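Below is one structure, written out as structure tokens; comments come after it.
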Amino acid sequence: MCGIVGYAGPAPSSPSSRPVDVALQGLARLEYRGYDSAGVAVIDGEQVQVTKRAGKLQNLRDALGEDTATSSPVAIGHTRWATHGGPIDGNAHPHLGGRRDELALVHNGIIENFASLRAELEEQGYTFRSETDTEAAAHLVAREMEQTGDLTEAMRRAVGHLEGAFTLLAVHIDAPGTVVAARRNSPLVVGLGQGENFLGSDVAAFVDETKEALEIDQDQIVAVTAEGVRVIEADGTEVTEPKRYTIEWDAASAQKGGYASFMAKEIHEQSSAVADTLLGRLEGGRLVLDEGEIDESLLRSVDKIVVVACGTAANAGNVAKYAIEHWCRIPTEVELAHEFRYRDPVISEKTLVVAISQSGETMDTLMAVRHAKEQGAKVVALCNTRGSTIPRESDAALYLHVGPEIAVASTKAYLGQIAACYLLGLYLAQVRGNLFPDEIAALLEDLEQIPQHIQTVLDGSEQVEQLAREMKDATSVLFLGRHVGYPTAMEGALKLKEIAYIHAEGFAAGELKHGPIALVEEGQPVFVIVPSPRGRDSLHAKVVSNIQEVRARGAKTLVIAEDGDDAVLPYADEVIRVPQTRTLFAPLLTIIPLQIFSCELATAKGLDVDQPRNLAKSVTVE
Ligand code: M6R
């Protein structure tokens with residue numbers, strides 16, 4: 001949840017703020033991971049200098065005075081999403097460790113055995129000043145450094161005592177040119193520069209500086225200096241060839257580019273994002289995966305698919321269920337990843353688990369993947385962040401290729417996730433012979449038209465923006481849909497809740513009369529996602545009836561319907577049009593007005609659209 005950055009460069013010949021600047025720049029890029037507090041540490045001669053402040057990064061910037069410019073060759077920084085201890089200055093990272101405050105450490109994750117470690121360290125004379133679990137790790141590394149005099153070895157020994165999930169970065173006055181780091185169940189990547197090296201929770205931390213990166217595996221320890229990078233395993237053996245890769249994202253893609261928010265920018269990138277997800281994927285009849293492989297004979301024997309995901313990614317999975325079951329005739333379940341593992345699910349070697357995650361780091365989804373693998377299931381990951389943990393631990397990975405998603409509210413990744421699910425579904429249908437090649441070709445042809453249709457919806461966004469501004473004082477909004485319109489309704493409601501703080505609920509339209517219709521009173525805004533009248537007649541007719549039912553009870557009906565569907569006109573207070581497409585592909589279009597609505601309404605309310613309260617972009621704690 002937190003963002004972590006580390007830098008090691010040449011010692012500046014004159015006092016220079018380069019390490020702090022690099023750390024601050026990295027933190028600005030990582031602030032989406034948490035924004036309760038922020039801090040940096042440098043080595044200033046014989047002491048560690050820590051500056052940290054509660055609140056957004058700007059508070060830290062304001063606190064960093066002229067005297068913070070040092071000749072330190074290293075810096076570490078942290079932006080926090082609070083777990084243990086409230087978001088106050090004292091609980092902000094970095095934390096000092098050791099009897100002389102000789103070490104500073106930043107941490108992402110949760111150290112589960114911190115209470116017993118704290119008791120042990122207090123008994124040994126170490127003083128604790130915060131309520132965090134992190135301080136135990138800081139003292140632990142400092143204690144091991146006292147004994148070994150080697151910071152890398154001290155980190156290795158310290159993590160041997162830790163339970164839980166963590167990425168740790170530390171600097172020490174006796175190793176002034178080194179940043180040492182470790183990871184377990186939490187992300188860490190290394191950026192390789194010319195005469196300087198970087199560490200980050202993800203590549204966004206240093207993408208301005210270098211495109212060359214190293215993946216760090218589970219339980220590895222890494223030490224970076226200006227001259228090089230050393231990686232060792234938990235047992236101390238050297239890793240001679242850590243996995244190196246080139247970052248595809250450019251720095252500009254992590255900037256707002258003239259939009260008022262990253263969310264607005266990312267919504268408007270969706271046409272090219274989906275085109276990039278689809279690009280060159282189903283070639284010569286094979287699905288081009290980015291990593292790993294799943295044997296076709298195994299795909300032919302699959303008797304169940306289980307999609308595991310959270311939040312928006314789970315809504316994408318719910319869209320996929322309709323398509324995969326229809327095309328492949330394989331029973332498909334969608335399970336919230338945090339519920340999956342504790343339910344004792346029935347899975348076997350014949351189950352294909354599809355893990356959907358933008359970040360590739362969501363702890364609940366990662367744990368579900370591990371549980372599935374333990375039961376013998378094969379796992380395909382649909383993720384956006386290269387080098388992240390979920391795809392690396394899965395049997396195969398299909399990356400979304402939608403570019404970095406910075407706003408906490410997921411938009412373009414949602415569309416990429418749905419498009420990736422369609423590709424997987426079509427591939428399965430082909431391998432298993434459920435569809436004829438010409439049927440698949442026709443579906444693919446229509447899918448390839450979708451980016452153009454997305455652009456049409458985006459070009460017409462003014463109507464929804466105006467509606468959002470008019471409705472900025474709404475206190476409750478309902479969303480209704482059937483079939484693939486149902487997950488769209490859920491996703492529309494999630495967007496409005498998380499960024500506009502408005503009570504919103506998504507319902508299966510058929511469920512309305514079983515209770516939720518009691519919520520409808522005079523003036524209640526209700527969005528209704530209407531399926532194509534060119535699809536199943538009965539489905540369209542049923543949804544039109546649902547519009548009438550809520551309108552008869554005073555609802556203000558905001559209807560999303562495809563071009564040419566005039567049957568909705570008598571019952572709609574507002575009709576928002578989307579281009580015609582196949583019923584199963586419509587979710588790639590119908591969600592867009594709802595994304596725009598939330599984004600514009602939150603902006604009109606003066607809220608921080610990209611960093612909504614209490615949230616963080618990637619949820620790396622369970
Ligand atoms: O990185 P992931 O896709 O695994 O994240 C899953 C959810 O935390 C995420 O989709 C969340 O619901 C978003 N804030 C929704 O906009």
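Scheme for the structure tokens: letters A, B, ... for chains in order shown; per-chain residue numbers from 1; ligand numbers from 1 in order shown.
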
Selection as a tab-separated table (two decimals) with C-alpha atoms, in the first residue's frame: residues within 8 Å of ligand 1 by only C-alpha atoms and all ligand atoms:
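Result file follows (out_26.tsv):
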```tsv
chain	number	residue	atom	x	y	z
A	309	ALA	CA	-10.04	-10.74	-8.15
A	310	CYS	CA	-11.09	-7.77	-6.02
A	311	GLY	CA	-12.95	-4.51	-6.60
A	312	THR	CA	-13.03	-3.35	-10.17
A	313	ALA	CA	-11.05	-6.38	-11.33
A	314	ALA	CA	-13.79	-8.63	-9.90
A	356	ILE	CA	-7.21	-10.50	-12.56
A	357	SER	CA	-5.26	-7.62	-11.05
A	358	GLN	CA	-4.17	-4.28	-12.44
A	359	SER	CA	-1.30	-3.93	-9.99
A	360	GLY	CA	-0.38	-7.61	-9.83
A	361	GLU	CA	0.29	-6.99	-6.14
A	362	THR	CA	-3.13	-7.18	-4.46
A	365	THR	CA	-5.54	-12.03	-5.01
A	383	CYS	CA	-2.28	-8.05	-15.00
A	408	VAL	CA	-6.78	5.17	-7.48
A	409	ALA	CA	-10.07	4.60	-9.30
A	410	SER	CA	-9.46	2.02	-11.98
A	411	THR	CA	-10.76	2.86	-15.45
A	413	ALA	CA	-7.32	-1.18	-16.63
A	414	TYR	CA	-10.97	-2.29	-16.24
A	494	LEU	CA	-18.18	1.53	-7.14
A	495	LYS	CA	-16.73	4.45	-9.11
A	498	GLU	CA	-14.94	5.70	-4.10
A	615	LEU	CA	-7.86	4.41	-0.16
A	616	ALA	CA	-4.62	3.38	-1.83
A	617	LYS	CA	-4.01	2.21	-5.35
A	618	SER	CA	-2.70	-1.24	-4.58
A	619	VAL	CA	-3.90	-3.08	-1.54
```

Near-range 522-526 of chain A list (10 Å; only C-alpha atoms; drop same-chain fewer than 2 positions) as a ChimeraX atom specification = /A:471,474-480,504-506,519-520,528-529,547,550-559,573

request  = Tell me, in Å to one decimal, how far CA of Ile247 in chain A is from CA of Gly317 in chain A.
outcome  = 27.3 Å

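Omitting Thr225 in chain A and its sequence neighbours fewer than 6 positions away, and counting only C-alpha atoms, the residues within 7 Å are Ala8, Gly9, Gly177, Thr178, Val179 and Asn197 of chain A.
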
request  = For Pro451 in chain A, list every protein, DNA or RNA residue within 8 Å, evaluated using only C-alpha atoms, and leave out those in the same chain fewer than 2 positions away; present the list as number ranges by chain.
outcome  = A: 270-272, 274-275, 448-449, 453-455

Print the selection's residues with C-alpha atoms to a file, as a JSON list (two decimals), in the first residue's frame.
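Here's the written file again-v5.json:
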```
[["chain", "number", "residue", "atom", "x", "y", "z"],
["A", 270, "GLN", "CA", -9.25, 4.04, -23.18],
["A", 271, "SER", "CA", -9.57, 3.77, -26.92],
["A", 272, "SER", "CA", -5.84, 3.28, -27.43],
["A", 274, "VAL", "CA", -8.00, -1.37, -25.45],
["A", 275, "ALA", "CA", -6.38, -1.35, -28.89],
["A", 448, "GLU", "CA", -11.32, -4.88, -33.09],
["A", 449, "GLN", "CA", -13.98, -2.22, -33.85],
["A", 453, "HIS", "CA", -16.59, 2.94, -30.63],
["A", 454, "ILE", "CA", -14.90, 3.88, -27.35],
["A", 455, "GLN", "CA", -13.59, 7.01, -29.02]]
```

Could you go through range 258-292 of chain A and tell me which residues DSSP, when run on the backbone, assigns to alpha helix (DSSP H), listing them as a PDB file with N, CA, C and O atoms, in the first residue's frame?
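Okay, part_16.pdb is ready:
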```pdb
ATOM      1  N   PHE A 262      -5.521  12.506 -13.168  1.00  0.00           N
ATOM      2  CA  PHE A 262      -5.079  11.286 -13.848  1.00  0.00           C
ATOM      3  C   PHE A 262      -6.297  10.466 -14.267  1.00  0.00           C
ATOM      4  O   PHE A 262      -6.301   9.848 -15.321  1.00  0.00           O
ATOM      5  N   MET A 263      -7.337  10.495 -13.429  1.00  0.00           N
ATOM      6  CA  MET A 263      -8.507   9.681 -13.775  1.00  0.00           C
ATOM      7  C   MET A 263      -9.106  10.158 -15.102  1.00  0.00           C
ATOM      8  O   MET A 263      -9.421   9.334 -15.968  1.00  0.00           O
ATOM      9  N   ALA A 264      -9.230  11.489 -15.246  1.00  0.00           N
ATOM     10  CA  ALA A 264      -9.790  12.016 -16.503  1.00  0.00           C
ATOM     11  C   ALA A 264      -8.898  11.608 -17.672  1.00  0.00           C
ATOM     12  O   ALA A 264      -9.378  11.177 -18.728  1.00  0.00           O
ATOM     13  N   LYS A 265      -7.601  11.716 -17.464  1.00  0.00           N
ATOM     14  CA  LYS A 265      -6.676  11.356 -18.546  1.00  0.00           C
ATOM     15  C   LYS A 265      -6.812   9.864 -18.891  1.00  0.00           C
ATOM     16  O   LYS A 265      -6.885   9.490 -20.068  1.00  0.00           O
ATOM     17  N   GLU A 266      -6.879   9.055 -17.858  1.00  0.00           N
ATOM     18  CA  GLU A 266      -6.927   7.610 -18.108  1.00  0.00           C
ATOM     19  C   GLU A 266      -8.242   7.189 -18.768  1.00  0.00           C
ATOM     20  O   GLU A 266      -8.262   6.289 -19.603  1.00  0.00           O
ATOM     21  N   ILE A 267      -9.337   7.878 -18.405  1.00  0.00           N
ATOM     22  CA  ILE A 267     -10.618   7.593 -19.089  1.00  0.00           C
ATOM     23  C   ILE A 267     -10.463   7.897 -20.587  1.00  0.00           C
ATOM     24  O   ILE A 267     -10.879   7.115 -21.447  1.00  0.00           O
ATOM     25  N   HIS A 268      -9.817   9.026 -20.862  1.00  0.00           N
ATOM     26  CA  HIS A 268      -9.705   9.446 -22.270  1.00  0.00           C
ATOM     27  C   HIS A 268      -8.641   8.664 -23.041  1.00  0.00           C
ATOM     28  O   HIS A 268      -8.551   8.797 -24.254  1.00  0.00           O
ATOM     29  N   GLN A 270      -8.746   5.415 -23.105  1.00  0.00           N
ATOM     30  CA  GLN A 270      -9.249   4.036 -23.177  1.00  0.00           C
ATOM     31  C   GLN A 270      -9.341   3.461 -24.577  1.00  0.00           C
ATOM     32  O   GLN A 270      -9.240   2.247 -24.744  1.00  0.00           O
ATOM     33  N   SER A 271      -9.500   4.310 -25.565  1.00  0.00           N
ATOM     34  CA  SER A 271      -9.569   3.767 -26.915  1.00  0.00           C
ATOM     35  C   SER A 271      -8.231   3.115 -27.284  1.00  0.00           C
ATOM     36  O   SER A 271      -8.173   1.950 -27.698  1.00  0.00           O
ATOM     37  N   SER A 272      -7.143   3.872 -27.076  1.00  0.00           N
ATOM     38  CA  SER A 272      -5.841   3.282 -27.428  1.00  0.00           C
ATOM     39  C   SER A 272      -5.451   2.187 -26.441  1.00  0.00           C
ATOM     40  O   SER A 272      -4.776   1.219 -26.801  1.00  0.00           O
ATOM     41  N   ALA A 273      -5.904   2.306 -25.192  1.00  0.00           N
ATOM     42  CA  ALA A 273      -5.560   1.274 -24.199  1.00  0.00           C
ATOM     43  C   ALA A 273      -6.123  -0.082 -24.635  1.00  0.00           C
ATOM     44  O   ALA A 273      -5.415  -1.091 -24.643  1.00  0.00           O
ATOM     45  N   VAL A 274      -7.394  -0.101 -25.031  1.00  0.00           N
ATOM     46  CA  VAL A 274      -7.998  -1.373 -25.448  1.00  0.00           C
ATOM     47  C   VAL A 274      -7.349  -1.870 -26.741  1.00  0.00           C
ATOM     48  O   VAL A 274      -7.083  -3.074 -26.903  1.00  0.00           O
ATOM     49  N   ALA A 275      -7.058  -0.943 -27.645  1.00  0.00           N
ATOM     50  CA  ALA A 275      -6.376  -1.353 -28.890  1.00  0.00           C
ATOM     51  C   ALA A 275      -5.048  -2.026 -28.537  1.00  0.00           C
ATOM     52  O   ALA A 275      -4.680  -3.047 -29.138  1.00  0.00           O
ATOM     53  N   ASP A 276      -4.337  -1.488 -27.538  1.00  0.00           N
ATOM     54  CA  ASP A 276      -3.045  -2.082 -27.158  1.00  0.00           C
ATOM     55  C   ASP A 276      -3.219  -3.438 -26.480  1.00  0.00           C
ATOM     56  O   ASP A 276      -2.390  -4.333 -26.641  1.00  0.00           O
ATOM     57  N   THR A 277      -4.293  -3.594 -25.722  1.00  0.00           N
ATOM     58  CA  THR A 277      -4.542  -4.913 -25.109  1.00  0.00           C
ATOM     59  C   THR A 277      -4.754  -5.964 -26.197  1.00  0.00           C
ATOM     60  O   THR A 277      -4.279  -7.102 -26.086  1.00  0.00           O
ATOM     61  N   LEU A 278      -5.468  -5.560 -27.241  1.00  0.00           N
ATOM     62  CA  LEU A 278      -5.836  -6.538 -28.287  1.00  0.00           C
ATOM     63  C   LEU A 278      -4.718  -6.801 -29.293  1.00  0.00           C
ATOM     64  O   LEU A 278      -4.680  -7.854 -29.938  1.00  0.00           O
TER      65      LEU A 278
END
```

query = Looking at A:Asp89, A:Pro73, A:Val457, A:Leu496, which one is nearest to Glu562 in chain A, with distances taken over only C-alpha atoms?
reply = A:Val457

Env of range 164-176 of chain A: 7 Å cut, atoms = only C-alpha atoms, seq-sep filter 5 positions within chain, self excluded. Answer as a short mmCIF file (atom, residue, chain, number, x, y, z; two decimals) with all heavy atoms, in the first residue's frame.
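So around29.cif came out as:
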```cif
data_model
loop_
_atom_site.label_atom_id
_atom_site.label_comp_id
_atom_site.auth_asym_id
_atom_site.auth_seq_id
_atom_site.Cartn_x
_atom_site.Cartn_y
_atom_site.Cartn_z
N ILE A 43 22.05 10.33 4.63
CA ILE A 43 23.19 10.24 5.57
C ILE A 43 23.90 11.59 5.52
O ILE A 43 24.39 12.01 4.47
CB ILE A 43 24.17 9.14 5.14
CG1 ILE A 43 23.46 7.79 5.02
CG2 ILE A 43 25.35 9.07 6.11
CD1 ILE A 43 23.11 7.13 6.30
N GLU A 46 28.02 12.20 10.02
CA GLU A 46 28.00 11.16 11.05
C GLU A 46 26.61 10.81 11.52
O GLU A 46 26.44 10.08 12.49
CB GLU A 46 28.83 11.64 12.26
CG GLU A 46 30.32 11.73 12.02
CD GLU A 46 30.93 10.37 11.69
OE1 GLU A 46 30.95 9.51 12.59
OE2 GLU A 46 31.35 10.16 10.54
N GLN A 47 25.61 11.38 10.89
CA GLN A 47 24.25 11.08 11.39
C GLN A 47 23.25 10.84 10.25
O GLN A 47 23.49 11.24 9.11
CB GLN A 47 23.75 12.19 12.29
CG GLN A 47 23.72 13.53 11.62
CD GLN A 47 22.96 14.58 12.43
OE1 GLN A 47 22.39 14.28 13.47
NE2 GLN A 47 22.96 15.79 11.95
N VAL A 48 22.17 10.16 10.63
CA VAL A 48 21.08 9.97 9.69
C VAL A 48 20.12 11.13 9.86
O VAL A 48 19.75 11.46 10.99
CB VAL A 48 20.34 8.64 9.97
CG1 VAL A 48 19.19 8.47 8.99
CG2 VAL A 48 21.28 7.47 9.90
N GLU A 102 21.47 5.21 14.40
CA GLU A 102 22.45 5.13 13.31
C GLU A 102 21.87 4.60 12.00
O GLU A 102 22.57 4.52 10.99
CB GLU A 102 23.65 4.27 13.74
CG GLU A 102 23.36 2.79 14.02
CD GLU A 102 23.00 2.51 15.48
OE1 GLU A 102 22.51 3.43 16.17
OE2 GLU A 102 23.20 1.37 15.94
N LEU A 103 20.61 4.21 12.03
CA LEU A 103 19.99 3.61 10.83
C LEU A 103 18.61 4.23 10.60
O LEU A 103 17.94 4.64 11.55
CB LEU A 103 19.86 2.10 11.07
CG LEU A 103 19.01 1.28 10.09
CD1 LEU A 103 19.68 -0.07 9.84
CD2 LEU A 103 17.60 1.06 10.63
N ALA A 104 18.22 4.32 9.32
CA ALA A 104 16.84 4.71 9.01
C ALA A 104 16.25 3.65 8.08
O ALA A 104 16.96 3.09 7.24
CB ALA A 104 16.80 6.07 8.32
N LEU A 105 14.97 3.39 8.28
CA LEU A 105 14.33 2.30 7.53
C LEU A 105 12.91 2.69 7.12
O LEU A 105 12.21 3.36 7.88
CB LEU A 105 14.33 1.05 8.42
CG LEU A 105 13.68 -0.22 7.87
CD1 LEU A 105 14.52 -1.45 8.29
CD2 LEU A 105 12.26 -0.38 8.39
N VAL A 106 12.54 2.30 5.91
CA VAL A 106 11.15 2.45 5.45
C VAL A 106 10.59 1.08 5.15
O VAL A 106 11.33 0.13 4.85
CB VAL A 106 11.04 3.37 4.21
CG1 VAL A 106 11.42 4.79 4.54
CG2 VAL A 106 11.89 2.85 3.04
N HIS A 107 9.26 0.97 5.22
CA HIS A 107 8.62 -0.34 5.18
C HIS A 107 7.27 -0.26 4.48
O HIS A 107 6.50 0.66 4.72
CB HIS A 107 8.46 -0.80 6.66
CG HIS A 107 7.55 -1.96 6.87
ND1 HIS A 107 6.73 -2.05 7.97
CD2 HIS A 107 7.33 -3.08 6.14
CE1 HIS A 107 6.04 -3.18 7.91
NE2 HIS A 107 6.38 -3.81 6.82
N ASN A 108 6.98 -1.24 3.66
CA ASN A 108 5.65 -1.42 3.09
C ASN A 108 5.18 -2.80 3.50
O ASN A 108 5.92 -3.77 3.31
CB ASN A 108 5.71 -1.32 1.56
CG ASN A 108 4.39 -1.66 0.90
OD1 ASN A 108 3.34 -1.51 1.50
ND2 ASN A 108 4.45 -2.12 -0.33
N GLY A 109 3.99 -2.93 4.08
CA GLY A 109 3.49 -4.23 4.46
C GLY A 109 3.16 -4.27 5.94
O GLY A 109 2.99 -3.23 6.58
N ILE A 110 3.07 -5.49 6.46
CA ILE A 110 2.75 -5.64 7.88
C ILE A 110 3.68 -6.69 8.49
O ILE A 110 3.81 -7.80 7.94
CB ILE A 110 1.28 -6.09 8.08
CG1 ILE A 110 0.33 -4.95 7.68
CG2 ILE A 110 1.02 -6.50 9.51
CD1 ILE A 110 -1.14 -5.26 7.83
N ILE A 111 4.32 -6.34 9.60
CA ILE A 111 5.16 -7.30 10.31
C ILE A 111 4.30 -7.91 11.42
O ILE A 111 3.91 -7.23 12.38
CB ILE A 111 6.42 -6.61 10.86
CG1 ILE A 111 7.26 -6.15 9.67
CG2 ILE A 111 7.22 -7.56 11.76
CD1 ILE A 111 8.37 -5.21 10.00
N GLU A 112 3.94 -9.17 11.21
CA GLU A 112 2.92 -9.76 12.08
C GLU A 112 3.43 -10.02 13.49
O GLU A 112 2.67 -9.97 14.45
CB GLU A 112 2.39 -11.05 11.45
CG GLU A 112 1.47 -10.75 10.26
CD GLU A 112 1.22 -11.94 9.36
OE1 GLU A 112 1.73 -13.04 9.65
OE2 GLU A 112 0.52 -11.74 8.35
N LEU A 151 26.02 -4.35 6.29
CA LEU A 151 24.60 -3.98 6.22
C LEU A 151 23.76 -5.01 5.46
O LEU A 151 22.61 -5.28 5.84
CB LEU A 151 24.47 -2.58 5.59
CG LEU A 151 23.09 -1.94 5.64
CD1 LEU A 151 22.54 -1.84 7.06
CD2 LEU A 151 23.12 -0.54 5.00
N ALA A 181 17.97 -3.51 0.84
CA ALA A 181 16.53 -3.74 0.77
C ALA A 181 16.22 -5.23 0.84
O ALA A 181 17.09 -6.06 0.57
CB ALA A 181 15.99 -3.15 -0.54
N ALA A 182 14.98 -5.54 1.18
CA ALA A 182 14.52 -6.93 1.19
C ALA A 182 13.04 -6.95 0.89
O ALA A 182 12.35 -5.96 1.13
CB ALA A 182 14.77 -7.55 2.55
N ARG A 183 12.57 -8.07 0.35
CA ARG A 183 11.12 -8.16 0.11
C ARG A 183 10.58 -9.56 0.40
O ARG A 183 11.27 -10.57 0.17
CB ARG A 183 10.77 -7.77 -1.33
CG ARG A 183 11.18 -8.75 -2.39
CD ARG A 183 10.47 -8.48 -3.71
NE ARG A 183 9.09 -8.87 -3.68
CZ ARG A 183 8.59 -9.93 -4.34
NH1 ARG A 183 9.36 -10.69 -5.07
NH2 ARG A 183 7.31 -10.23 -4.26
N ARG A 184 9.37 -9.57 0.94
CA ARG A 184 8.61 -10.82 1.06
C ARG A 184 7.13 -10.46 0.88
O ARG A 184 6.59 -9.65 1.64
CB ARG A 184 8.82 -11.45 2.45
CG ARG A 184 8.05 -12.77 2.62
CD ARG A 184 8.21 -13.34 4.00
NE ARG A 184 9.60 -13.62 4.31
CZ ARG A 184 10.08 -13.75 5.56
NH1 ARG A 184 9.26 -13.59 6.58
NH2 ARG A 184 11.34 -14.00 5.77
N ASN A 185 6.52 -11.02 -0.10
CA ASN A 185 5.09 -10.79 -0.37
C ASN A 185 4.74 -9.32 -0.56
O ASN A 185 3.62 -8.89 -0.25
CB ASN A 185 4.22 -11.35 0.77
CG ASN A 185 4.29 -12.84 0.84
OD1 ASN A 185 4.56 -13.49 -0.16
ND2 ASN A 185 4.03 -13.40 2.00
N SER A 186 5.68 -8.55 -1.01
CA SER A 186 5.44 -7.12 -1.21
C SER A 186 6.42 -6.68 -2.30
O SER A 186 7.52 -7.21 -2.39
CB SER A 186 5.71 -6.43 0.13
OG SER A 186 5.47 -5.06 0.03
N PRO A 187 6.04 -5.71 -3.13
CA PRO A 187 6.84 -5.46 -4.33
C PRO A 187 8.12 -4.65 -4.13
O PRO A 187 8.20 -3.80 -3.24
CB PRO A 187 5.89 -4.65 -5.22
CG PRO A 187 4.93 -4.01 -4.28
CD PRO A 187 4.80 -4.91 -3.11
N LEU A 188 9.10 -4.93 -4.99
CA LEU A 188 10.37 -4.19 -5.00
C LEU A 188 11.03 -4.40 -6.37
O LEU A 188 11.16 -5.52 -6.83
CB LEU A 188 11.30 -4.72 -3.90
CG LEU A 188 12.71 -4.13 -3.87
CD1 LEU A 188 12.67 -2.65 -3.51
CD2 LEU A 188 13.59 -4.86 -2.86
#
```

query = Which distance in Å separates CA of Arg329 in chain A and CA of Asp344 in chain A, to one decimal?
reply = 24.4 Å

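With only C-alpha atoms as the atoms that count, the residue of A:His161, A:His78, A:His326, A:Lys605 with the shortest distance to Glu470 in chain A is A:Lys605.
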
task = Show which residues sit within 12 Å of Leu287 in chain A, as a ChimeraX atom specification. Count only C-alpha atoms, and ignore same-chain residues fewer than 6 positions away.
result = /A:278-281,293-296,396-398,420-431

task = Work out how far apart CA of Ile596 in chain A and CA of Leu584 in chain A are and give it in Å to one decimal.
result = 21.6 Å

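Listed by chain and then by rising number, the residues of range 374-519 of chain A that DSSP assigns to strand (DSSP E or B) from the backbone are Lys378, Val379, Val380, Ala381, Leu382, Cys383, Ala396, Ala397, Leu398, Tyr399, Ser476, Val477, Leu478, Phe479, Leu480, Gly481, His503, Ala504, Glu505, Gly506, Phe507 and Ala508 of chain A.
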
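Once Val319 in chain A and its same-chain neighbours fewer than 3 positions away are set aside, Asn315, Ala316, Tyr322, Ala323, Ile418, Val484, Pro487, Thr488 and Pro587 of chain A remain within 8 Å of it when counting only C-alpha atoms.
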
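With distances restricted to only C-alpha atoms, A:Glu248 is the closest residue to Val207 in chain A from A:Glu439, A:Glu248, A:Asp219, A:Glu241.
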
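Candidate residues A:Gly65, A:Gly160, A:Gly6, A:Gly97 were compared for distance to Ala138 in chain A, and the nearest is A:Gly97, using only C-alpha atoms.
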
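Nearest to Ala541 in chain A of all the residues A:Leu162, A:Leu299, A:Val575, A:Val568 is A:Val568, based on only C-alpha atoms.
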